[in-house]
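Below is structure.cif, holding mmCIF, C-alpha atoms.
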```cif
data_input
loop_
_atom_site.label_atom_id
_atom_site.label_comp_id
_atom_site.auth_asym_id
_atom_site.auth_seq_id
_atom_site.Cartn_x
_atom_site.Cartn_y
_atom_site.Cartn_z
CA MET M 170 132.94 171.05 73.17
CA THR M 171 130.23 169.06 71.46
CA SER M 172 128.84 165.92 73.03
CA VAL M 173 127.97 162.64 71.39
CA PHE M 174 125.75 159.66 72.17
CA PHE M 175 123.20 160.30 74.89
CA SER M 176 124.24 163.27 77.02
CA VAL M 177 123.45 163.12 80.71
CA LEU M 178 120.62 165.41 81.75
CA SER M 179 120.35 166.83 85.24
CA GLY M 180 116.58 166.54 85.47
CA GLY M 181 113.36 165.87 83.59
CA ALA M 182 114.77 162.88 81.74
CA PHE M 183 111.91 160.78 80.46
CA GLY M 184 111.68 157.09 81.10
CA THR M 185 109.32 154.76 79.29
CA ARG M 186 105.68 155.71 78.75
CA GLY M 187 106.49 159.38 79.34
CA MET M 188 107.07 159.07 83.08
CA THR M 189 110.29 160.52 84.46
CA VAL M 190 112.70 158.10 86.02
CA ALA M 191 112.58 160.10 89.24
CA ALA M 192 108.81 159.65 89.35
CA ARG M 193 109.06 155.94 88.63
CA THR M 194 111.46 155.36 91.50
CA SER M 195 110.16 157.76 94.13
CA ASN M 196 106.55 156.60 93.69
CA ARG M 197 107.32 152.88 93.90
CA ALA M 198 106.18 151.35 97.17
CA ASP M 199 109.09 148.90 97.19
CA VAL M 200 111.97 151.37 97.23
CA ALA M 201 113.60 152.02 100.61
CA PRO M 202 110.71 150.91 102.92
CA GLY M 203 112.19 148.17 105.11
CA PHE M 204 115.68 149.69 104.76
CA SER M 205 116.43 150.81 108.30
CA ARG M 206 118.81 153.68 108.92
CA ALA M 207 122.07 151.99 109.87
CA THR M 208 124.81 154.60 109.98
CA ASP M 209 126.06 157.81 108.46
CA ALA M 210 127.27 157.63 104.87
CA ALA M 211 131.00 156.95 104.64
CA THR M 212 133.83 156.19 102.23
CA THR M 213 137.14 154.52 103.00
CA ARG M 214 140.16 153.30 101.00
CA ALA M 215 142.60 150.50 101.76
CA PRO M 216 145.17 148.25 100.06
CA PHE M 217 143.82 145.27 98.07
CA GLY M 218 147.06 143.66 96.95
CA LYS M 219 149.69 144.21 94.29
CA MET M 220 150.02 143.44 90.62
CA PRO M 221 152.81 141.11 89.43
CA ASP M 222 154.86 144.22 88.51
CA GLY M 223 154.42 145.66 92.01
CA THR M 224 151.71 148.20 91.20
CA SER M 225 149.45 148.70 94.21
CA VAL M 226 145.71 148.06 93.92
CA GLU M 227 143.30 149.81 96.30
CA VAL M 228 139.76 149.07 97.42
CA PHE M 229 137.21 151.84 98.03
CA THR M 230 134.30 151.06 100.34
CA LEU M 231 131.14 153.16 100.00
CA THR M 232 128.34 152.94 102.58
CA ASN M 233 125.08 154.86 102.63
CA SER M 234 122.76 155.67 105.54
CA HIS M 235 120.66 152.53 104.94
CA GLY M 236 123.67 150.26 105.27
CA ILE M 237 124.07 149.47 101.57
CA GLU M 238 127.76 148.84 100.96
CA ILE M 239 129.71 148.81 97.70
CA ARG M 240 133.39 147.85 97.42
CA ALA M 241 135.27 148.68 94.22
CA ILE M 242 138.94 148.18 93.37
CA THR M 243 141.23 150.14 91.09
CA TYR M 244 142.10 147.02 89.07
CA GLY M 245 139.56 147.01 86.26
CA GLY M 246 137.25 149.33 88.22
CA ILE M 247 135.82 146.06 89.51
CA ILE M 248 132.86 146.06 91.89
CA VAL M 249 133.99 143.24 94.19
CA SER M 250 130.96 143.29 96.51
CA LEU M 251 127.56 144.95 96.80
CA LYS M 252 125.54 144.35 99.97
CA THR M 253 121.83 145.14 100.15
CA PRO M 254 119.09 144.11 102.61
CA ASP M 255 116.30 141.65 101.95
CA ARG M 256 112.73 142.03 103.17
CA THR M 257 113.82 141.05 106.72
CA ASN M 258 116.62 143.65 106.61
CA HIS M 259 119.31 140.96 106.32
CA LEU M 260 122.32 142.12 104.29
CA ASP M 261 123.73 139.88 101.58
CA ASP M 262 126.36 140.33 98.89
CA ILE M 263 124.40 140.25 95.62
CA VAL M 264 127.26 140.20 93.07
CA LEU M 265 129.72 137.51 92.01
CA GLY M 266 133.44 137.95 92.57
CA PHE M 267 136.56 136.85 94.43
CA ASP M 268 137.91 137.35 97.94
CA SER M 269 141.32 138.59 96.80
CA LEU M 270 143.11 140.21 93.87
CA ASP M 271 144.64 136.88 92.82
CA GLY M 272 141.20 135.63 91.79
CA TYR M 273 140.73 138.53 89.39
CA LEU M 274 144.22 138.10 87.93
CA GLY M 275 143.38 134.52 86.92
CA PRO M 276 140.73 133.44 84.41
CA SER M 277 137.68 135.61 85.08
CA PRO M 278 134.66 136.31 82.84
CA TYR M 279 134.81 140.08 83.50
CA LEU M 280 133.27 139.70 86.97
CA GLY M 281 132.23 143.20 88.12
CA ALA M 282 134.55 145.03 85.73
CA ILE M 283 134.45 148.13 83.57
CA VAL M 284 134.74 146.91 79.99
CA GLY M 285 136.09 148.92 77.07
CA ARG M 286 137.18 150.50 74.93
CA TYR M 287 134.29 148.68 73.27
CA GLY M 288 131.92 146.62 75.39
CA ASN M 289 130.53 143.58 73.58
CA ARG M 290 131.62 142.21 70.20
CA ILE M 291 133.02 143.61 66.96
CA ALA M 292 132.88 141.20 64.02
CA LYS M 293 136.33 139.85 63.08
CA GLY M 294 137.86 142.77 65.00
CA ARG M 295 137.44 145.08 62.01
CA PHE M 296 135.81 148.44 61.43
CA THR M 297 136.31 151.60 59.38
CA ILE M 298 136.18 155.30 60.18
CA ASP M 299 136.14 157.86 57.34
CA GLY M 300 137.15 155.12 54.90
CA ARG M 301 140.19 154.00 56.92
CA ALA M 302 140.23 150.38 58.08
CA PHE M 303 141.33 149.29 61.56
CA GLU M 304 142.02 145.83 62.93
CA LEU M 305 141.60 145.02 66.62
CA ALA M 306 142.83 142.15 68.74
CA THR M 307 140.54 139.11 68.42
CA ASN M 308 139.91 137.27 71.66
CA ASN M 309 136.50 135.61 71.23
CA GLY M 310 136.75 133.14 68.39
CA PRO M 311 137.01 135.26 65.23
CA ASN M 312 135.73 138.38 67.00
CA HIS M 313 136.87 141.20 69.27
CA LEU M 314 135.20 141.17 72.71
CA HIS M 315 135.13 143.72 75.54
CA GLY M 316 138.20 145.69 74.49
CA GLY M 317 140.46 142.82 73.46
CA VAL M 318 143.18 140.77 75.11
CA LYS M 319 143.96 143.53 77.62
CA GLY M 320 140.92 145.74 77.87
CA PHE M 321 139.89 148.22 80.56
CA ASP M 322 139.03 145.30 82.85
CA LYS M 323 142.72 144.33 83.07
CA VAL M 324 144.42 147.66 83.85
CA VAL M 325 144.91 149.62 87.06
CA TRP M 326 142.89 152.83 87.21
CA SER M 327 143.68 155.79 89.45
CA GLY M 328 141.04 156.35 92.12
CA GLU M 329 139.84 159.30 94.17
CA SER M 330 137.05 159.18 96.74
CA PHE M 331 134.55 161.99 97.27
CA ARG M 332 131.53 162.92 99.33
CA ASN M 333 128.64 165.18 98.34
CA GLY M 334 126.27 165.53 101.28
CA GLU M 335 124.89 162.04 101.96
CA ASP M 336 126.18 160.73 98.61
CA VAL M 337 129.59 159.04 98.50
CA GLY M 338 131.64 157.77 95.62
CA VAL M 339 134.89 157.14 93.80
CA ARG M 340 136.21 158.61 90.53
CA LEU M 341 138.32 156.25 88.44
CA SER M 342 140.57 157.49 85.62
CA TYR M 343 142.62 155.74 82.95
CA THR M 344 144.28 156.86 79.71
CA SER M 345 144.50 154.32 76.89
CA PRO M 346 147.33 155.11 74.43
CA ASP M 347 146.96 155.44 70.68
CA GLY M 348 147.01 151.97 69.10
CA ASP M 349 146.01 150.15 72.31
CA GLN M 350 144.54 146.78 71.20
CA GLY M 351 144.38 148.31 67.70
CA TYR M 352 142.15 151.29 68.58
CA PRO M 353 143.07 154.66 67.08
CA GLY M 354 143.57 157.72 69.26
CA THR M 355 144.62 158.35 72.83
CA LEU M 356 141.48 157.93 74.94
CA ALA M 357 141.20 159.60 78.35
CA ALA M 358 138.41 157.84 80.28
CA ARG M 359 136.77 158.48 83.63
CA VAL M 360 134.14 156.39 85.41
CA THR M 361 132.40 157.66 88.54
CA TYR M 362 130.61 155.37 90.98
CA THR M 363 128.21 157.20 93.32
CA LEU M 364 126.21 155.53 96.09
CA THR M 365 123.31 157.83 96.94
CA SER M 366 121.06 158.28 99.95
CA HIS M 367 118.21 157.07 97.69
CA ASP M 368 119.76 153.58 97.47
CA GLU M 369 121.10 154.12 93.97
CA LEU M 370 124.40 153.23 92.37
CA SER M 371 125.03 155.85 89.71
CA VAL M 372 127.66 154.93 87.10
CA GLU M 373 128.81 157.85 84.95
CA TYR M 374 131.20 157.46 82.04
CA GLU M 375 133.20 160.19 80.31
CA ALA M 376 135.86 160.02 77.61
CA SER M 377 137.71 162.21 75.14
CA THR M 378 140.08 161.44 72.27
CA ASP M 379 142.66 163.14 70.07
CA LYS M 380 141.72 161.12 66.95
CA PRO M 381 138.48 159.66 65.58
CA THR M 382 137.82 156.39 67.39
CA ILE M 383 134.99 154.22 68.71
CA VAL M 384 133.85 153.98 72.33
CA ASN M 385 131.25 151.83 74.10
CA LEU M 386 131.86 151.55 77.85
CA THR M 387 129.76 149.41 80.16
CA GLN M 388 129.74 147.69 83.56
CA HIS M 389 129.89 143.90 83.75
CA THR M 390 128.61 143.08 87.23
CA TYR M 391 127.02 139.64 87.65
CA PHE M 392 123.95 139.90 89.90
CA ASN M 393 122.48 137.15 92.05
CA LEU M 394 119.86 138.61 94.38
CA THR M 395 119.69 135.46 96.51
CA GLY M 396 123.15 136.32 97.81
CA GLY M 397 124.63 133.64 95.57
CA ARG M 398 122.79 130.72 97.17
CA ARG M 399 121.46 129.23 93.94
CA ASP M 400 121.14 129.98 90.24
CA ILE M 401 119.25 132.96 88.81
CA LEU M 402 116.52 131.09 86.92
CA ASP M 403 113.80 132.05 89.43
CA HIS M 404 114.67 135.76 89.23
CA GLU M 405 111.89 137.68 87.48
CA LEU M 406 113.01 140.11 84.79
CA THR M 407 111.25 142.97 83.05
CA LEU M 408 112.83 144.66 80.02
CA ASP M 409 111.30 147.84 78.61
CA ALA M 410 112.01 146.80 75.03
CA ASP M 411 109.79 145.93 72.09
CA ARG M 412 112.75 144.82 69.93
CA TYR M 413 116.07 143.04 70.21
CA THR M 414 119.04 142.39 67.91
CA PRO M 415 119.25 138.75 66.72
CA VAL M 416 122.75 137.26 66.37
CA ASP M 417 124.58 134.70 64.29
CA ALA M 418 126.37 131.63 65.63
CA THR M 419 129.33 133.78 66.79
CA LEU M 420 126.97 136.20 68.61
CA ILE M 421 127.39 139.02 66.08
CA PRO M 422 124.16 140.92 65.29
CA THR M 423 122.61 140.23 61.92
CA GLY M 424 121.57 143.89 61.65
CA GLU M 425 117.87 143.16 62.17
CA LEU M 426 115.84 144.86 64.90
CA ALA M 427 113.40 142.05 65.56
CA PRO M 428 110.15 142.26 67.56
CA VAL M 429 110.12 140.41 70.86
CA ALA M 430 106.39 139.70 70.60
CA GLY M 431 105.63 135.99 70.37
CA ALA M 432 109.24 135.00 71.13
CA PRO M 433 111.04 133.87 74.30
CA PHE M 434 112.68 137.32 74.23
CA ASP M 435 109.51 139.10 75.36
CA PHE M 436 110.17 140.38 78.88
CA ARG M 437 107.81 143.34 78.68
CA LYS M 438 105.96 141.79 81.62
CA PRO M 439 107.76 140.28 84.64
CA THR M 440 108.88 136.79 83.65
CA ALA M 441 111.03 134.21 85.39
CA ILE M 442 114.34 133.93 83.55
CA GLY M 443 114.04 130.14 83.51
CA ALA M 444 110.50 130.10 82.14
CA ARG M 445 111.47 129.93 78.45
CA ILE M 446 115.26 129.67 78.44
CA GLY M 447 115.12 125.98 77.50
CA GLN M 448 112.78 126.38 74.53
CA ARG M 449 113.92 125.20 71.13
CA ASN M 450 114.76 128.47 69.44
CA PRO M 451 117.64 129.25 67.05
CA GLN M 452 118.53 132.44 68.90
CA LEU M 453 118.61 130.74 72.29
CA GLU M 454 120.76 128.02 70.73
CA ASN M 455 123.20 130.63 69.36
CA GLY M 456 123.57 132.25 72.77
CA LYS M 457 123.35 129.02 74.81
CA GLY M 458 120.55 130.95 76.53
CA TYR M 459 120.12 134.71 76.75
CA ASP M 460 123.13 136.70 75.55
CA HIS M 461 121.47 139.38 73.45
CA ASN M 462 121.01 143.12 73.18
CA TRP M 463 117.54 144.59 73.73
CA VAL M 464 116.57 147.92 72.12
CA ILE M 465 115.29 150.09 74.96
CA ASN M 466 111.97 151.85 74.42
CA ARG M 467 112.59 155.56 74.84
CA THR M 468 110.82 158.82 74.10
CA GLY M 469 113.93 161.00 73.83
CA ASP M 470 117.49 161.41 75.04
CA GLY M 471 118.39 161.18 78.71
CA LEU M 472 117.59 158.55 81.31
CA ALA M 473 115.05 155.89 80.37
CA HIS M 474 113.96 152.96 82.48
CA ALA M 475 115.42 149.81 80.92
CA ALA M 476 115.04 146.85 83.26
CA ARG M 477 113.72 145.58 86.57
CA LEU M 478 114.97 142.51 88.38
CA PHE M 479 113.05 140.86 91.25
CA GLU M 480 114.02 137.86 93.36
CA PRO M 481 110.93 136.36 95.07
CA SER M 482 112.50 134.63 98.09
CA SER M 483 114.46 137.67 99.32
CA GLY M 484 112.20 140.39 97.93
CA ARG M 485 115.21 142.24 96.54
CA THR M 486 114.75 144.37 93.44
CA VAL M 487 117.08 146.23 91.10
CA ASP M 488 115.81 148.84 88.65
CA VAL M 489 118.04 150.01 85.81
CA ALA M 490 117.75 153.38 84.08
CA THR M 491 120.20 154.53 81.43
CA THR M 492 121.06 157.06 78.74
CA GLU M 493 122.17 154.18 76.49
CA PRO M 494 120.05 152.81 73.60
CA GLY M 495 120.47 149.14 74.54
CA VAL M 496 120.93 146.64 77.34
CA GLN M 497 122.69 143.30 76.98
CA PHE M 498 121.00 140.66 79.12
CA TYR M 499 123.39 137.77 79.72
CA SER M 500 122.11 134.81 81.73
CA GLY M 501 125.51 133.41 82.76
CA ASN M 502 125.41 130.59 80.22
CA PHE M 503 129.18 130.14 80.09
CA LEU M 504 129.70 129.85 83.85
CA ASP M 505 130.54 126.17 84.20
CA GLY M 506 131.60 125.47 87.78
CA SER M 507 135.30 126.01 87.05
CA ILE M 508 135.37 129.25 89.07
CA THR M 509 135.41 129.25 92.87
CA GLY M 510 134.37 132.67 94.10
CA LYS M 511 133.85 134.48 97.38
CA GLY M 512 133.56 132.32 100.45
CA GLY M 513 134.50 129.19 98.49
CA ARG M 514 131.26 129.28 96.52
CA VAL M 515 131.39 127.53 93.14
CA TYR M 516 129.85 129.52 90.30
CA ALA M 517 127.91 126.96 88.31
CA ARG M 518 126.00 127.58 85.09
CA ARG M 519 123.63 130.55 85.32
CA TRP M 520 124.77 131.48 88.83
CA GLY M 521 124.74 135.16 87.87
CA LEU M 522 123.26 137.51 85.29
CA CYS M 523 124.43 140.73 83.69
CA LEU M 524 122.45 143.79 82.59
CA GLU M 525 125.03 145.69 80.53
CA THR M 526 123.73 149.07 79.37
CA GLN M 527 125.43 149.90 76.08
CA HIS M 528 125.37 150.80 72.44
CA PHE M 529 124.61 147.81 70.26
CA PRO M 530 127.20 145.07 69.57
CA ASP M 531 129.14 145.53 66.31
CA SER M 532 127.65 149.00 65.82
CA PRO M 533 130.63 150.25 63.75
CA ASN M 534 129.71 147.71 61.07
CA HIS M 535 125.97 148.46 60.93
CA GLN M 536 124.87 151.78 59.49
CA ASN M 537 121.36 151.35 60.94
CA PHE M 538 122.68 151.10 64.53
CA PRO M 539 123.36 154.21 66.67
CA SER M 540 126.88 155.47 66.04
CA THR M 541 129.73 154.82 68.49
CA ILE M 542 132.24 157.16 66.79
CA LEU M 543 133.93 159.75 69.02
CA ARG M 544 135.95 162.55 67.46
CA ALA M 545 138.51 164.98 68.79
CA GLY M 546 136.78 167.91 70.49
CA GLN M 547 133.76 165.78 71.41
CA LYS M 548 132.96 164.37 74.82
CA TYR M 549 131.60 160.87 75.38
CA ARG M 550 129.08 160.85 78.20
CA SER M 551 126.90 158.03 79.44
CA LYS M 552 125.05 157.34 82.68
CA THR M 553 123.34 154.32 84.23
CA ILE M 554 121.54 154.18 87.58
CA PHE M 555 120.91 150.96 89.50
CA THR M 556 118.22 151.46 92.17
CA PHE M 557 117.99 148.86 94.94
CA GLY M 558 114.72 148.08 96.69
CA VAL M 559 112.64 145.49 98.48
CA ALA M 560 109.22 144.19 97.46
CA PRO M 561 106.75 142.91 100.07
#
```
As structure tokens:
Amino acid sequence: MTSVFFSVLSGGAFGTRGMTVAARTSNRADVAPGFSRATDAATTRAPFGKMPDGTSVEVFTLTNSHGIEIRAITYGGIIVSLKTPDRTNHLDDIVLGFDSLDGYLGPSPYLGAIVGRYGNRIAKGRFTIDGRAFELATNNGPNHLHGGVKGFDKVVWSGESFRNGEDVGVRLSYTSPDGDQGYPGTLAARVTYTLTSHDELSVEYEASTDKPTIVNLTQHTYFNLTGGRRDILDHELTLDADRYTPVDATLIPTGELAPVAGAPFDFRKPTAIGARIGQRNPQLENGKGYDHNWVINRTGDGLAHAARLFEPSSGRTVDVATTEPGVQFYSGNFLDGSITGKGGRVYARRWGLCLETQHFPDSPNHQNFPSTILRAGQKYRSKTIFTFGVAP
């Protein structure tokens, strides 16, 4: 078996500026201090409702020894809740979602879901492999978005819980048939969520195919570190990226890798999301705010630190490390108050943000972008780690 993209390494993976990700997290003063030991790690499974055709959907609840709790359902691999403590040790749910399955079966902007086969956009739903043209379902204006009309976010995965010492998790599996949404090849996919004793959510993706195809899996959780009390404009964001990929009016990359320096896309130092989002800028106008892919600075394959999110009032932090070359930062520009989520809370504009680790949008149509082609006999592997902490 050969592997493609960025293979997961078991240790020594370099983050930005040559420091290992393990060193970055274990040496930070704001990780884990203030997280009191609450209980032993545990995993449970329970019913979460049924699909219109009668298929049962289950919810897996993962809890670590510091009381962090993650609930994920087999429909779409959706993370329906994620509870972490603030600086006073008060637990809050820091992701957007719904109280029941019915909410996810209605109009939902991919809240918490696994997206694929191809996360993000493909121009006009067209691409070629080895000179053969393929046409995908178009579901975002003229373009293909997040796997099409019925992507991985809208299917029921099989789930299996596991425990490895103090780490607990769930393995989700789904096989997409040849021709699904226009994609060639039967794709066998597996996504593993692991909640560790180090307050990390590890998301590992694997896939194999029997024909040449394209793959770009990601996780579409909307974060709001206030516990959903207000919008995300005061959250401070750091992105370890010197470049980003500008887009046209339909949010398809132009092919340029543009410098962030001197632009409202420069998050190399902690910056409030709302600080520059209202500036007059053609790219911000195209995205109605931030909805762009940043090119992660990296010194090699393996895990690299990509992003850090900090919410001043609660002290909560999230650090993101990934094997992927890019991260799509989406500032919730298309949330419009039409969705009523958990606890009756209305999700107004910019009530949540996404940090989607990924290959670049429309990569199959840009020779200068990292390839997303997967061939028979190869294994797709990708890994992203979200580390939760508290700053003083």
Selected residue of minimal separation from M:Val264 among M:Leu231, M:Leu543, M:Ala490, M:Cys523, counting only C-alpha atoms: M:Cys523
Top pick for closest residue to M:Thr387, considering M:Val284, M:Leu402, M:Ile237, M:Leu472 and counting all atoms listed in the file: M:Val284
Around all of stretch 470-488 of chain M's listed atoms, make the axis-aligned box with 6 Å on each side and tell me centre and edge lengths in Å to one decimal, as lines of an AutoDock Vina configuration file.
```
center_x = 114.7
center_y = 148.0
center_z = 87.2
size_x = 19.5
size_y = 38.8
size_z = 36.3
```
If the PyMOL selection byres ((chain M and resi 425-430) around 10) were run on this exact file, what residues would it hold? Put them as a PDB file with C-alpha atoms, keeping the file's coordinate frame.
```pdb
ATOM      1  CA  ALA M 410     112.010 146.800  75.030  1.00  0.00           C
ATOM      2  CA  ASP M 411     109.790 145.930  72.090  1.00  0.00           C
ATOM      3  CA  ARG M 412     112.750 144.820  69.930  1.00  0.00           C
ATOM      4  CA  TYR M 413     116.070 143.040  70.210  1.00  0.00           C
ATOM      5  CA  THR M 414     119.040 142.390  67.910  1.00  0.00           C
ATOM      6  CA  PRO M 415     119.250 138.750  66.720  1.00  0.00           C
ATOM      7  CA  VAL M 416     122.750 137.260  66.370  1.00  0.00           C
ATOM      8  CA  PRO M 422     124.160 140.920  65.290  1.00  0.00           C
ATOM      9  CA  THR M 423     122.610 140.230  61.920  1.00  0.00           C
ATOM     10  CA  GLY M 424     121.570 143.890  61.650  1.00  0.00           C
ATOM     11  CA  GLY M 431     105.630 135.990  70.370  1.00  0.00           C
ATOM     12  CA  ALA M 432     109.240 135.000  71.130  1.00  0.00           C
ATOM     13  CA  PRO M 433     111.040 133.870  74.300  1.00  0.00           C
ATOM     14  CA  PHE M 434     112.680 137.320  74.230  1.00  0.00           C
ATOM     15  CA  ASP M 435     109.510 139.100  75.360  1.00  0.00           C
ATOM     16  CA  PHE M 436     110.170 140.380  78.880  1.00  0.00           C
ATOM     17  CA  ARG M 437     107.810 143.340  78.680  1.00  0.00           C
ATOM     18  CA  ASN M 462     121.010 143.120  73.180  1.00  0.00           C
ATOM     19  CA  TRP M 463     117.540 144.590  73.730  1.00  0.00           C
ATOM     20  CA  VAL M 464     116.570 147.920  72.120  1.00  0.00           C
ATOM     21  CA  HIS M 535     125.970 148.460  60.930  1.00  0.00           C
ATOM     22  CA  ASN M 537     121.360 151.350  60.940  1.00  0.00           C
ATOM     23  CA  PHE M 538     122.680 151.100  64.530  1.00  0.00           C
TER      24      PHE M 538
END
```
Distance query stretch 371-381 of chain M at most 6 Å, all atoms listed in the file, self and fewer than 2 positions along chain excluded, as a PyMOL selection string: chain M and resi 354-363+543-545+548-554
Shortest interatomic distance to M:Gly558 - which of M:Thr486, M:Thr509, M:Thr395, M:Thr208, counting all atoms listed in the file: M:Thr486
Residue IDs satisfying the PyMOL selection byres ((chain M and resi 290) around 8), as a list of chain:residue names: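 Applying the PyMOL selection byres ((chain M and resi 290) around 8) to the structure shown produces M:Tyr287, M:Gly288, M:Asn289, M:Ile291, M:Ala292, M:Asn312, M:His313, M:Leu314, M:His315, M:Leu420, M:Ile421, M:Pro530, M:Asp531.
The coordinates place atom CA of M:Asp368 at 26.3 Å from atom CA of M:Arg519.
Candidate residues M:Thr382, M:Glu454, M:Thr390, M:Gly512 were compared for distance to M:Gly546, and the nearest is M:Thr382, using all atoms listed in the file.
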Interatomic distance, atom CA of M:Leu251 to atom CA of M:Arg214 (Å, one decimal): 15.7 Å
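Using all atoms listed in the file for every distance, the candidate list M:Ile383, M:Val489, M:Ala560, M:Leu504 yields M:Val489 as the residue closest to M:Glu369.
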Separation of atom CA of M:Ser342 from atom CA of M:Gly320 in Å: 14.1 Å
For M:Ile401, the nearest of the candidates M:Ala418, M:Ile263, M:Val384, M:Arg514, counting only C-alpha atoms: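 Of all the options, M:Ile263 lies closest to M:Ile401.
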Nearby residues (all atoms listed in the file) at most 12 Å from stretch 441-445 of chain M, same-chain spacing under 4 positions excluded, as a PyMOL selection string: chain M and resi 400-408+431-437+449-450+453+458-459+477-481+498-502+519-522
Target residues per the PyMOL selection byres ((chain M and resi 527) around 7), formatted as a PyMOL selection string: chain M and resi 385-387+493-496+525-526+528-529
